[in-house]
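query35.txt (compact mmCIF, C-alpha atoms and all ligand atoms)
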# COMPACT_ATOMS: atom_id res chain seq x y z
CA MET A 1 -193.98 -33.66 -42.23
CA ALA A 2 -196.76 -31.22 -41.55
CA GLN A 3 -198.14 -31.35 -38.02
CA PRO A 4 -196.82 -34.83 -37.38
CA THR A 5 -198.50 -35.30 -34.02
CA THR A 6 -202.13 -34.69 -34.90
CA ARG A 7 -202.44 -37.67 -37.16
CA ASN A 8 -202.96 -41.12 -35.72
CA TYR A 9 -200.38 -43.10 -37.64
CA TYR A 10 -201.47 -46.33 -36.02
CA LYS A 11 -204.94 -45.80 -37.32
CA VAL A 12 -203.64 -44.76 -40.73
CA LEU A 13 -201.81 -48.03 -41.03
CA GLY A 14 -204.60 -50.02 -39.44
CA ILE A 15 -202.35 -51.33 -36.69
CA THR A 16 -202.13 -51.03 -32.94
CA GLN A 17 -199.20 -50.04 -30.77
CA LYS A 18 -198.63 -53.72 -30.16
CA THR A 19 -198.36 -54.75 -33.81
CA SER A 20 -195.00 -56.40 -34.55
CA LYS A 21 -192.41 -54.72 -36.73
CA ALA A 22 -192.70 -57.37 -39.43
CA GLU A 23 -196.46 -57.00 -39.48
CA VAL A 24 -196.19 -53.21 -39.75
CA LYS A 25 -193.95 -53.59 -42.77
CA LYS A 26 -196.30 -56.07 -44.39
CA ARG A 27 -199.25 -53.81 -43.73
CA TYR A 28 -197.46 -50.81 -45.19
CA ARG A 29 -196.58 -52.72 -48.36
CA GLU A 30 -200.20 -53.75 -48.84
CA LEU A 31 -201.44 -50.19 -48.45
CA ALA A 32 -198.66 -48.68 -50.55
CA ARG A 33 -199.44 -51.09 -53.37
CA LYS A 34 -203.12 -50.26 -53.12
CA TYR A 35 -202.69 -46.51 -53.21
CA HIS A 36 -199.56 -46.13 -55.31
CA PRO A 37 -200.07 -43.35 -57.89
CA ASP A 38 -198.86 -45.66 -60.67
CA THR A 39 -201.67 -48.10 -60.12
CA ASN A 40 -204.34 -45.45 -59.59
CA SER A 41 -203.91 -43.56 -62.84
CA GLY A 42 -203.21 -40.24 -61.17
CA SER A 43 -206.14 -40.26 -58.75
CA LYS A 44 -205.68 -37.30 -56.41
CA SER A 45 -207.27 -39.00 -53.43
CA ALA A 46 -205.13 -42.10 -53.88
CA GLU A 47 -202.07 -39.92 -54.15
CA ASP A 48 -202.97 -38.11 -50.93
CA LYS A 49 -203.55 -41.39 -49.17
CA PHE A 50 -200.26 -42.73 -50.46
CA LYS A 51 -198.48 -39.69 -49.02
CA ILE A 52 -200.13 -40.09 -45.62
CA ILE A 53 -199.38 -43.81 -45.50
CA SER A 54 -195.74 -43.15 -46.40
CA GLU A 55 -195.54 -40.43 -43.79
CA ALA A 56 -196.98 -42.78 -41.17
CA TYR A 57 -194.66 -45.60 -42.09
CA GLU A 58 -191.63 -43.32 -42.04
CA VAL A 59 -192.32 -42.55 -38.39
CA ILE A 60 -193.61 -45.89 -37.14
CA SER A 61 -190.83 -47.92 -38.77
CA ASP A 62 -188.13 -45.74 -37.24
CA ALA A 63 -187.66 -46.58 -33.55
CA LYS A 64 -186.36 -43.14 -32.66
CA LYS A 65 -189.06 -41.19 -34.53
CA ARG A 66 -191.72 -43.51 -33.22
CA LYS A 67 -190.64 -43.00 -29.63
CA GLU A 68 -190.83 -39.24 -30.04
CA TYR A 69 -194.21 -39.58 -31.76
CA ASP A 70 -195.58 -41.73 -28.93
CA ARG A 71 -194.26 -39.26 -26.38
CA GLN A 72 -195.99 -36.34 -28.07
CA ARG A 73 -199.19 -38.29 -28.34
CA SER A 74 -199.22 -39.21 -24.68
CA TYR A 75 -198.58 -35.57 -23.86
CA GLN A 76 -201.58 -34.57 -25.95
CA GLN A 77 -203.76 -37.08 -24.19
CA LYS A 78 -203.10 -35.37 -20.90
CA SER A 79 -203.49 -31.79 -22.03
CA PRO A 80 -207.00 -31.20 -23.32
CA ARG A 81 -209.19 -31.18 -20.24
CA ARG A 82 -212.63 -29.82 -19.90
CA PRO A 83 -213.25 -27.19 -17.26
CA LYS A 84 -214.03 -28.49 -13.81
CA GLY A 85 -216.67 -27.41 -11.35
CA GLN A 86 -220.37 -27.79 -10.94
CA PRO A 87 -222.14 -28.74 -14.13
CA ASP A 88 -224.58 -26.34 -15.68
CA TRP A 89 -227.83 -28.09 -14.95
CA ASN A 90 -229.79 -25.68 -17.04
CA ALA A 91 -227.97 -26.66 -20.18
CA PRO A 92 -226.59 -30.15 -19.81
CA PRO A 93 -224.98 -31.64 -22.90
CA GLY A 94 -227.34 -34.55 -23.22
CA GLY A 95 -229.99 -33.30 -20.85
CA PHE A 96 -231.27 -35.20 -17.90
CA GLY A 97 -233.12 -38.27 -18.80
CA ARG A 98 -235.59 -39.87 -16.53
CA GLU A 99 -238.49 -42.16 -16.86
CA ALA A 100 -241.07 -42.38 -14.16
CA GLY A 101 -240.77 -45.30 -11.81
CA GLY A 102 -237.46 -46.27 -10.39
CA ASN A 103 -234.03 -46.39 -11.83
CA GLN A 104 -234.80 -47.11 -15.45
CA GLN A 105 -233.45 -43.78 -16.61
CA ARG A 106 -232.54 -43.44 -20.23
CA TYR A 107 -231.79 -40.51 -22.39
CA GLU A 108 -232.86 -39.70 -25.85
CA GLU A 109 -230.26 -38.89 -28.44
CA PRO A 110 -227.54 -38.97 -25.83
CA PHE A 111 -224.78 -38.09 -28.22
CA ALA A 112 -226.70 -35.85 -30.56
CA GLN A 113 -224.68 -32.84 -29.60
CA GLU A 114 -221.39 -34.63 -29.84
CA PRO A 115 -218.83 -32.10 -31.00
CA GLU A 116 -216.60 -33.20 -33.83
CA PRO A 117 -212.99 -32.82 -32.82
CA VAL A 118 -210.89 -30.50 -34.94
CA ASP A 119 -208.79 -33.45 -35.98
CA PRO A 120 -210.61 -36.80 -35.77
CA ASP A 121 -207.38 -38.51 -34.76
CA MET A 122 -206.74 -36.27 -31.77
CA PRO A 123 -207.22 -37.85 -28.36
CA THR A 124 -210.42 -36.40 -26.95
CA CYS A 125 -212.04 -36.66 -23.51
CA GLY A 126 -215.13 -38.78 -23.09
CA PHE A 127 -218.45 -37.17 -22.29
CA ASP A 128 -219.66 -36.31 -18.83
CA LEU A 129 -223.03 -37.92 -18.36
CA GLN A 130 -225.71 -36.33 -16.20
CA PHE A 131 -228.74 -38.13 -14.95
CA MET A 132 -231.24 -37.93 -12.15
CA VAL A 133 -231.50 -40.90 -9.87
CA ASP A 134 -234.52 -41.73 -7.72
CA ILE A 135 -233.44 -42.78 -4.26
CA PRO A 136 -235.82 -44.31 -1.68
CA LEU A 137 -236.03 -42.17 1.44
CA PRO A 138 -234.58 -44.77 3.84
CA LEU A 139 -231.57 -45.31 1.56
CA ALA A 140 -230.90 -41.57 1.40
CA ALA A 141 -231.25 -41.28 5.16
CA LEU A 142 -228.95 -44.16 6.03
CA GLY A 143 -226.76 -44.52 2.93
CA GLY A 144 -225.99 -47.66 1.01
CA THR A 145 -225.31 -49.00 -2.44
CA ILE A 146 -227.65 -49.46 -5.38
CA PRO A 147 -227.02 -50.76 -8.88
CA TYR A 148 -227.47 -48.00 -11.42
CA SER A 149 -227.91 -48.85 -15.10
CA TYR A 150 -227.18 -46.38 -17.88
CA GLU A 151 -225.77 -46.23 -21.35
CA LYS A 152 -222.44 -44.81 -22.36
CA TYR A 153 -219.78 -44.93 -25.01
CA VAL A 154 -217.31 -47.74 -24.55
CA GLN A 155 -214.43 -48.80 -26.73
CA CYS A 156 -215.50 -50.95 -29.67
CA GLN A 157 -214.28 -54.48 -29.08
CA GLU A 158 -214.45 -55.47 -32.74
CA CYS A 159 -211.69 -53.10 -33.82
CA GLU A 160 -210.09 -52.58 -30.40
CA GLY A 161 -210.97 -48.92 -30.61
CA THR A 162 -209.12 -48.20 -33.85
CA GLY A 163 -212.26 -47.74 -35.94
CA ILE A 164 -210.62 -49.80 -38.67
CA GLN A 165 -211.04 -53.38 -39.69
CA GLY A 166 -209.06 -54.81 -42.56
CA ASP A 167 -209.02 -52.22 -45.32
CA GLY A 168 -212.13 -50.33 -44.35
CA GLU A 169 -213.86 -48.80 -41.40
CA CYS A 170 -215.12 -51.05 -38.67
CA GLN A 171 -218.66 -52.24 -39.39
CA GLU A 172 -219.55 -52.45 -35.73
CA CYS A 173 -218.76 -48.87 -34.73
CA LYS A 174 -218.82 -47.35 -38.24
CA GLY A 175 -215.30 -46.08 -37.71
CA LYS A 176 -216.27 -44.11 -34.57
CA GLN A 177 -214.04 -46.30 -32.39
CA LEU A 178 -216.66 -46.16 -29.70
CA ILE A 179 -220.01 -47.78 -29.32
CA VAL A 180 -222.97 -47.17 -26.98
CA ARG A 181 -223.52 -49.95 -24.50
CA PRO A 182 -225.61 -50.37 -21.35
CA VAL A 183 -223.56 -50.61 -18.20
CA THR A 184 -224.41 -51.07 -14.55
CA LEU A 185 -222.49 -49.38 -11.78
CA ASP A 186 -222.81 -50.01 -8.06
CA VAL A 187 -223.52 -46.51 -6.87
CA LYS A 188 -222.64 -45.57 -3.32
CA ILE A 189 -225.20 -43.29 -1.70
CA PRO A 190 -223.62 -41.29 1.11
CA PRO A 191 -225.63 -41.53 4.36
CA GLY A 192 -227.81 -38.48 4.97
CA VAL A 193 -227.57 -37.21 1.40
CA VAL A 194 -230.01 -34.39 0.73
CA ASP A 195 -232.45 -34.00 -2.12
CA GLN A 196 -231.01 -32.48 -5.35
CA TYR A 197 -227.45 -33.21 -4.33
CA THR A 198 -225.16 -34.14 -7.21
CA LEU A 199 -223.01 -37.21 -6.79
CA SER A 200 -219.94 -37.37 -8.98
CA PHE A 201 -218.35 -40.61 -10.14
CA LYS A 202 -214.99 -39.99 -11.75
CA LYS A 203 -214.27 -41.67 -15.06
CA GLU A 204 -217.59 -43.51 -15.16
CA GLY A 205 -218.81 -41.40 -18.07
CA GLY A 206 -218.21 -41.98 -21.76
CA GLU A 207 -214.94 -43.46 -22.94
CA GLY A 208 -212.50 -41.04 -24.55
CA ARG A 209 -211.41 -41.29 -28.14
CA ASN A 210 -207.93 -42.02 -29.46
CA GLY A 211 -206.78 -42.75 -25.93
CA GLY A 212 -208.31 -39.63 -24.36
CA PRO A 213 -209.55 -39.89 -20.75
CA PRO A 214 -213.13 -40.94 -19.97
CA GLY A 215 -215.70 -38.44 -18.74
CA ASP A 216 -217.46 -38.49 -15.39
CA LEU A 217 -220.88 -39.68 -14.33
CA LEU A 218 -222.95 -37.12 -12.45
CA LEU A 219 -226.08 -38.23 -10.66
CA LYS A 220 -228.52 -35.78 -9.17
CA VAL A 221 -230.31 -37.27 -6.19
CA CYS A 222 -234.10 -37.19 -6.19
CA ILE A 223 -235.38 -38.55 -2.91
CA GLN A 224 -238.64 -40.37 -3.47
CA SER A 225 -241.57 -39.60 -1.26
CA HIS A 226 -242.30 -42.40 1.17
CA PRO A 227 -245.76 -43.72 2.12
CA LYS A 228 -244.93 -43.63 5.84
CA PHE A 229 -241.94 -41.42 6.48
CA LYS A 230 -241.37 -37.73 5.98
CA ARG A 231 -237.97 -36.20 6.37
CA VAL A 232 -237.49 -32.84 8.02
CA LYS A 233 -233.78 -32.06 8.00
CA ASN A 234 -232.32 -34.98 9.93
CA ASP A 235 -235.49 -36.06 11.65
CA ILE A 236 -237.95 -38.56 10.29
CA ILE A 237 -241.63 -38.02 10.97
CA HIS A 238 -243.80 -41.11 11.08
CA GLU A 239 -247.55 -40.71 11.50
CA VAL A 240 -249.18 -43.66 13.20
CA THR A 241 -252.90 -44.24 13.68
CA ILE A 242 -253.87 -45.96 16.95
CA SER A 243 -257.18 -47.08 18.34
CA SER A 244 -259.02 -44.79 20.77
CA LYS A 245 -258.74 -47.54 23.38
CA LEU A 246 -254.95 -47.60 23.14
CA ALA A 247 -254.89 -43.81 23.21
CA GLN A 248 -256.98 -43.79 26.36
CA GLU A 249 -255.44 -46.66 28.28
CA GLY A 250 -251.89 -46.57 26.91
CA GLY A 251 -249.76 -49.64 26.18
CA PRO A 252 -247.04 -51.09 23.95
CA LEU A 253 -247.12 -50.46 20.18
CA GLU A 254 -244.90 -51.80 17.43
CA VAL A 255 -243.79 -49.10 14.97
CA GLU A 256 -241.59 -49.14 11.90
CA THR A 257 -238.22 -47.41 11.94
CA LEU A 258 -236.12 -46.64 8.83
CA ASN A 259 -234.64 -50.10 8.72
CA ALA A 260 -236.42 -52.20 11.36
CA THR A 261 -239.29 -52.12 13.86
CA THR A 262 -239.35 -51.18 17.52
CA ILE A 263 -241.79 -51.25 20.43
CA VAL A 264 -242.82 -47.93 21.93
CA GLN A 265 -244.92 -47.25 24.98
CA VAL A 266 -248.06 -45.22 24.27
CA GLU A 267 -248.92 -43.09 27.30
CA GLU A 268 -252.34 -43.00 28.92
CA GLU A 269 -254.66 -40.36 27.52
CA THR A 270 -252.63 -39.69 24.43
CA LEU A 271 -254.15 -36.93 22.30
CA VAL A 272 -254.33 -36.53 18.52
CA GLY A 273 -251.13 -34.97 17.18
CA GLU A 274 -249.06 -35.85 20.23
CA GLU A 275 -245.51 -36.85 19.44
CA LEU A 276 -243.10 -39.41 20.72
CA ARG A 277 -239.45 -38.93 19.97
CA ILE A 278 -237.15 -41.91 19.45
CA SER A 279 -233.64 -40.58 19.73
CA GLY A 280 -231.04 -41.52 17.10
CA GLU A 281 -233.42 -43.30 14.72
CA GLY A 282 -233.55 -40.50 12.15
CA ALA A 283 -231.33 -39.70 9.16
CA VAL A 284 -227.56 -39.71 9.41
CA ILE A 285 -226.16 -36.22 10.00
CA ASN A 286 -223.46 -35.03 7.63
CA ARG A 287 -222.22 -38.49 6.68
CA GLY A 288 -221.10 -38.92 10.26
CA LYS A 289 -222.02 -41.24 13.11
CA LYS A 290 -224.75 -39.10 14.66
CA ARG A 291 -228.34 -39.42 13.58
CA GLY A 292 -231.46 -37.32 13.90
CA ASP A 293 -234.59 -38.59 15.64
CA LEU A 294 -237.60 -40.59 14.61
CA ILE A 295 -240.72 -38.73 15.62
CA ILE A 296 -243.89 -40.79 16.01
CA LYS A 297 -246.95 -38.60 15.55
CA PHE A 298 -250.21 -40.08 16.77
CA ASN A 299 -253.48 -40.16 14.92
CA ILE A 300 -256.45 -41.63 16.76
CA GLU A 301 -259.19 -43.68 15.12
CA GLU A 302 -262.72 -42.35 15.53
CA ASP A 303 -265.00 -44.64 17.51
ZN ZN B 1 -215.12 -50.75 -34.20

Using structure tokens, write down the structure from this file.
Amino acid sequence: MAQPTTRNYYKVLGITQKTSKAEVKKRYRELARKYHPDTNSGSKSAEDKFKIISEAYEVISDAKKRKEYDRQRSYQQKSPRRPKGQPDWNAPPGGFGREAGGNQQRYEEPFAQEPEPVDPDMPTCGFDLQFMVDIPLPLAALGGTIPYSYEKYVQCQECEGTGIQGDGECQECKGKQLIVRPVTLDVKIPPGVVDQYTLSFKKEGGEGRNGGPPGDLLLKVCIQSHPKFKRVKNDIIHEVTISSKLAQEGGPLEVETLNATTIVQVEEETLVGEELRISGEGAVINRGKKRGDLIIKFNIEED
């Protein structure tokens, strides 16, 4: 047996780890009959296939050998890991994809640069996916959850991730075991997150192959500009235009805050550019309980 652990014997036999012993035997007999050298008039490829099938059956049908085989396979699934750390944003594997206007990001040719594993039956990690996500300013300032839709590789349901159906490759996934599907994830935005920050969601990337672990989802935060609010560190600046009468005489004024409205008192003889600070109504500081301020900056209408 040459390199017994790199070949997926389950896939070779078109079975899963749950297939019963009787079924395995039946399956082997079918395949052996099909590829037996005697019935293939010396075809080299049939002979090779026959050898591989026999090799697979020899292991899978023997409880002791099978146990050792499964153990080695599970060991392999844990070992090949990709390097950790900050992703290289300059050369992302699939590139950032983003369409203008909201969270409808998609990528083109997401798996174009998919590396072929040395042995197609080896367990391989899923892909890390990197996207940019547009976040409204108030959500970034206060935190919250938004649904994020993207596409990723998931296990093919038709063949249960074996890539094989009946005697041939699975029609649904074309033998790739995986298939691209849209998914939606509830993404938690940490309160006070800053622009260009990368959020990492473990195991929400592409599914691994042959039982390999899934990749991660990395979302780079792009805080959208807001028609009313501007963020300066943890403070929120809100420019408000008032009438010259209110500026002169003073009085109550309703203003918008990040998530509600409040009444402020405009002082008598307020000048253009004067500011009013509302303590604790700004962005959350460092994901904690403290918040910056909301600064109301007055504009005055011309008479
Ligand atoms: Zn399939």

Give me the residues within 12 Å of stretch 197-202 of chain A as a JSON list (two decimals) with C-alpha atoms, in the coordinates of the input, counting all atoms listed in the file and dropping any in the same chain fewer than 2 places off.
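Written file, result_15.json:
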[["chain", "number", "residue", "atom", "x", "y", "z"],
["A", 84, "LYS", "CA", -214.03, -28.49, -13.81],
["A", 85, "GLY", "CA", -216.67, -27.41, -11.35],
["A", 86, "GLN", "CA", -220.37, -27.79, -10.94],
["A", 87, "PRO", "CA", -222.14, -28.74, -14.13],
["A", 88, "ASP", "CA", -224.58, -26.34, -15.68],
["A", 89, "TRP", "CA", -227.83, -28.09, -14.95],
["A", 126, "GLY", "CA", -215.13, -38.78, -23.09],
["A", 127, "PHE", "CA", -218.45, -37.17, -22.29],
["A", 128, "ASP", "CA", -219.66, -36.31, -18.83],
["A", 129, "LEU", "CA", -223.03, -37.92, -18.36],
["A", 130, "GLN", "CA", -225.71, -36.33, -16.20],
["A", 131, "PHE", "CA", -228.74, -38.13, -14.95],
["A", 132, "MET", "CA", -231.24, -37.93, -12.15],
["A", 133, "VAL", "CA", -231.50, -40.90, -9.87],
["A", 134, "ASP", "CA", -234.52, -41.73, -7.72],
["A", 135, "ILE", "CA", -233.44, -42.78, -4.26],
["A", 140, "ALA", "CA", -230.90, -41.57, 1.40],
["A", 148, "TYR", "CA", -227.47, -48.00, -11.42],
["A", 185, "LEU", "CA", -222.49, -49.38, -11.78],
["A", 186, "ASP", "CA", -222.81, -50.01, -8.06],
["A", 187, "VAL", "CA", -223.52, -46.51, -6.87],
["A", 188, "LYS", "CA", -222.64, -45.57, -3.32],
["A", 189, "ILE", "CA", -225.20, -43.29, -1.70],
["A", 190, "PRO", "CA", -223.62, -41.29, 1.11],
["A", 192, "GLY", "CA", -227.81, -38.48, 4.97],
["A", 193, "VAL", "CA", -227.57, -37.21, 1.40],
["A", 194, "VAL", "CA", -230.01, -34.39, 0.73],
["A", 195, "ASP", "CA", -232.45, -34.00, -2.12],
["A", 204, "GLU", "CA", -217.59, -43.51, -15.16],
["A", 205, "GLY", "CA", -218.81, -41.40, -18.07],
["A", 206, "GLY", "CA", -218.21, -41.98, -21.76],
["A", 207, "GLU", "CA", -214.94, -43.46, -22.94],
["A", 213, "PRO", "CA", -209.55, -39.89, -20.75],
["A", 214, "PRO", "CA", -213.13, -40.94, -19.97],
["A", 215, "GLY", "CA", -215.70, -38.44, -18.74],
["A", 216, "ASP", "CA", -217.46, -38.49, -15.39],
["A", 217, "LEU", "CA", -220.88, -39.68, -14.33],
["A", 218, "LEU", "CA", -222.95, -37.12, -12.45],
["A", 219, "LEU", "CA", -226.08, -38.23, -10.66],
["A", 220, "LYS", "CA", -228.52, -35.78, -9.17],
["A", 221, "VAL", "CA", -230.31, -37.27, -6.19],
["A", 222, "CYS", "CA", -234.10, -37.19, -6.19],
["A", 223, "ILE", "CA", -235.38, -38.55, -2.91]]

Between atom CA of A:Ile300 and atom CA of A:Asp235 lies a distance of 22.3 Å

Hey, which residues come within 10 Å of ligand ZN 1 (chain B) if we count all atoms listed in the file? Could you give them as number ranges by chain? A: 155-165, 169-179

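Going from atom CA of A:Lys203 over to atom CA of A:Lys11, you cover 24.5 Å.
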
Selection as a PyMOL selection string: residues within 8 Å of (-246.3, -39.7, 12.3), counting all atoms listed in the file: chain A and resi 228-229+237-240+275+295-299

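The gap separating atom CA of A:Glu269 from atom CA of A:His226 is 29.2 Å, in Å to one decimal.
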
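Excluding A:Thr124 and any residue on its chain fewer than 2 positions from it, the residues at most 6 Å away by only C-alpha atoms are Gly208, Arg209 and Gly212 of chain A.
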
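Residues in contact with A:Ile285 at up to 8 Å, not including ones fewer than 5 positions away on its chain and judged by all atoms listed in the file, are Pro191, Gly192, Asn234, Lys290, Arg291 and Gly292 of chain A.
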
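Between A:Arg27 and the residues A:Gly250, A:Gly42, A:Gly166, A:Gly288, the shortest atom-to-atom distance, using all atoms listed in the file, involves A:Gly166.
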
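For the set A:Asn210, A:Ser74, A:Gln196, A:Thr262, the residue with the smallest atom-to-atom gap to A:Tyr10 is A:Asn210, counting all atoms listed in the file.
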
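Among A:Thr270, A:Thr39, A:Thr16, A:Asn8, the residue with the shortest atom-to-atom distance to A:Ser244, counting only C-alpha atoms, is A:Thr270.
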
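Residues lying within 10 Å of A:Asp48, counting only C-alpha atoms and ignoring same-chain neighbours fewer than 5 positions away, are Tyr35, His36, Pro37, Ser43, Ile53 and Ser54 of chain A.
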
Mind dumping the selected residues with C-alpha atoms as a compact mmCIF listing (two decimals), keeping the file's coordinate frame?
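Below is the file again27.txt, written as the result:
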# COMPACT_ATOMS: atom_id res chain seq x y z
CA TYR A 35 -202.69 -46.51 -53.21
CA HIS A 36 -199.56 -46.13 -55.31
CA PRO A 37 -200.07 -43.35 -57.89
CA SER A 43 -206.14 -40.26 -58.75
CA ILE A 53 -199.38 -43.81 -45.50
CA SER A 54 -195.74 -43.15 -46.40

Find, counting all atoms listed in the file, the residue in A:Arg277, A:Asp167, A:Met122, A:Tyr28 that gets nearest to A:Gln72. A:Met122

Quick one: axis-aligned box around all listed atoms of stretch 160-171 of chain A, 4 Å on every side, centre and edge lengths in Å to one decimal, written as lines of an AutoDock Vina configuration file.
center_x = -213.8
center_y = -51.3
center_z = -37.9
size_x = 17.6
size_y = 15.1
size_z = 22.9
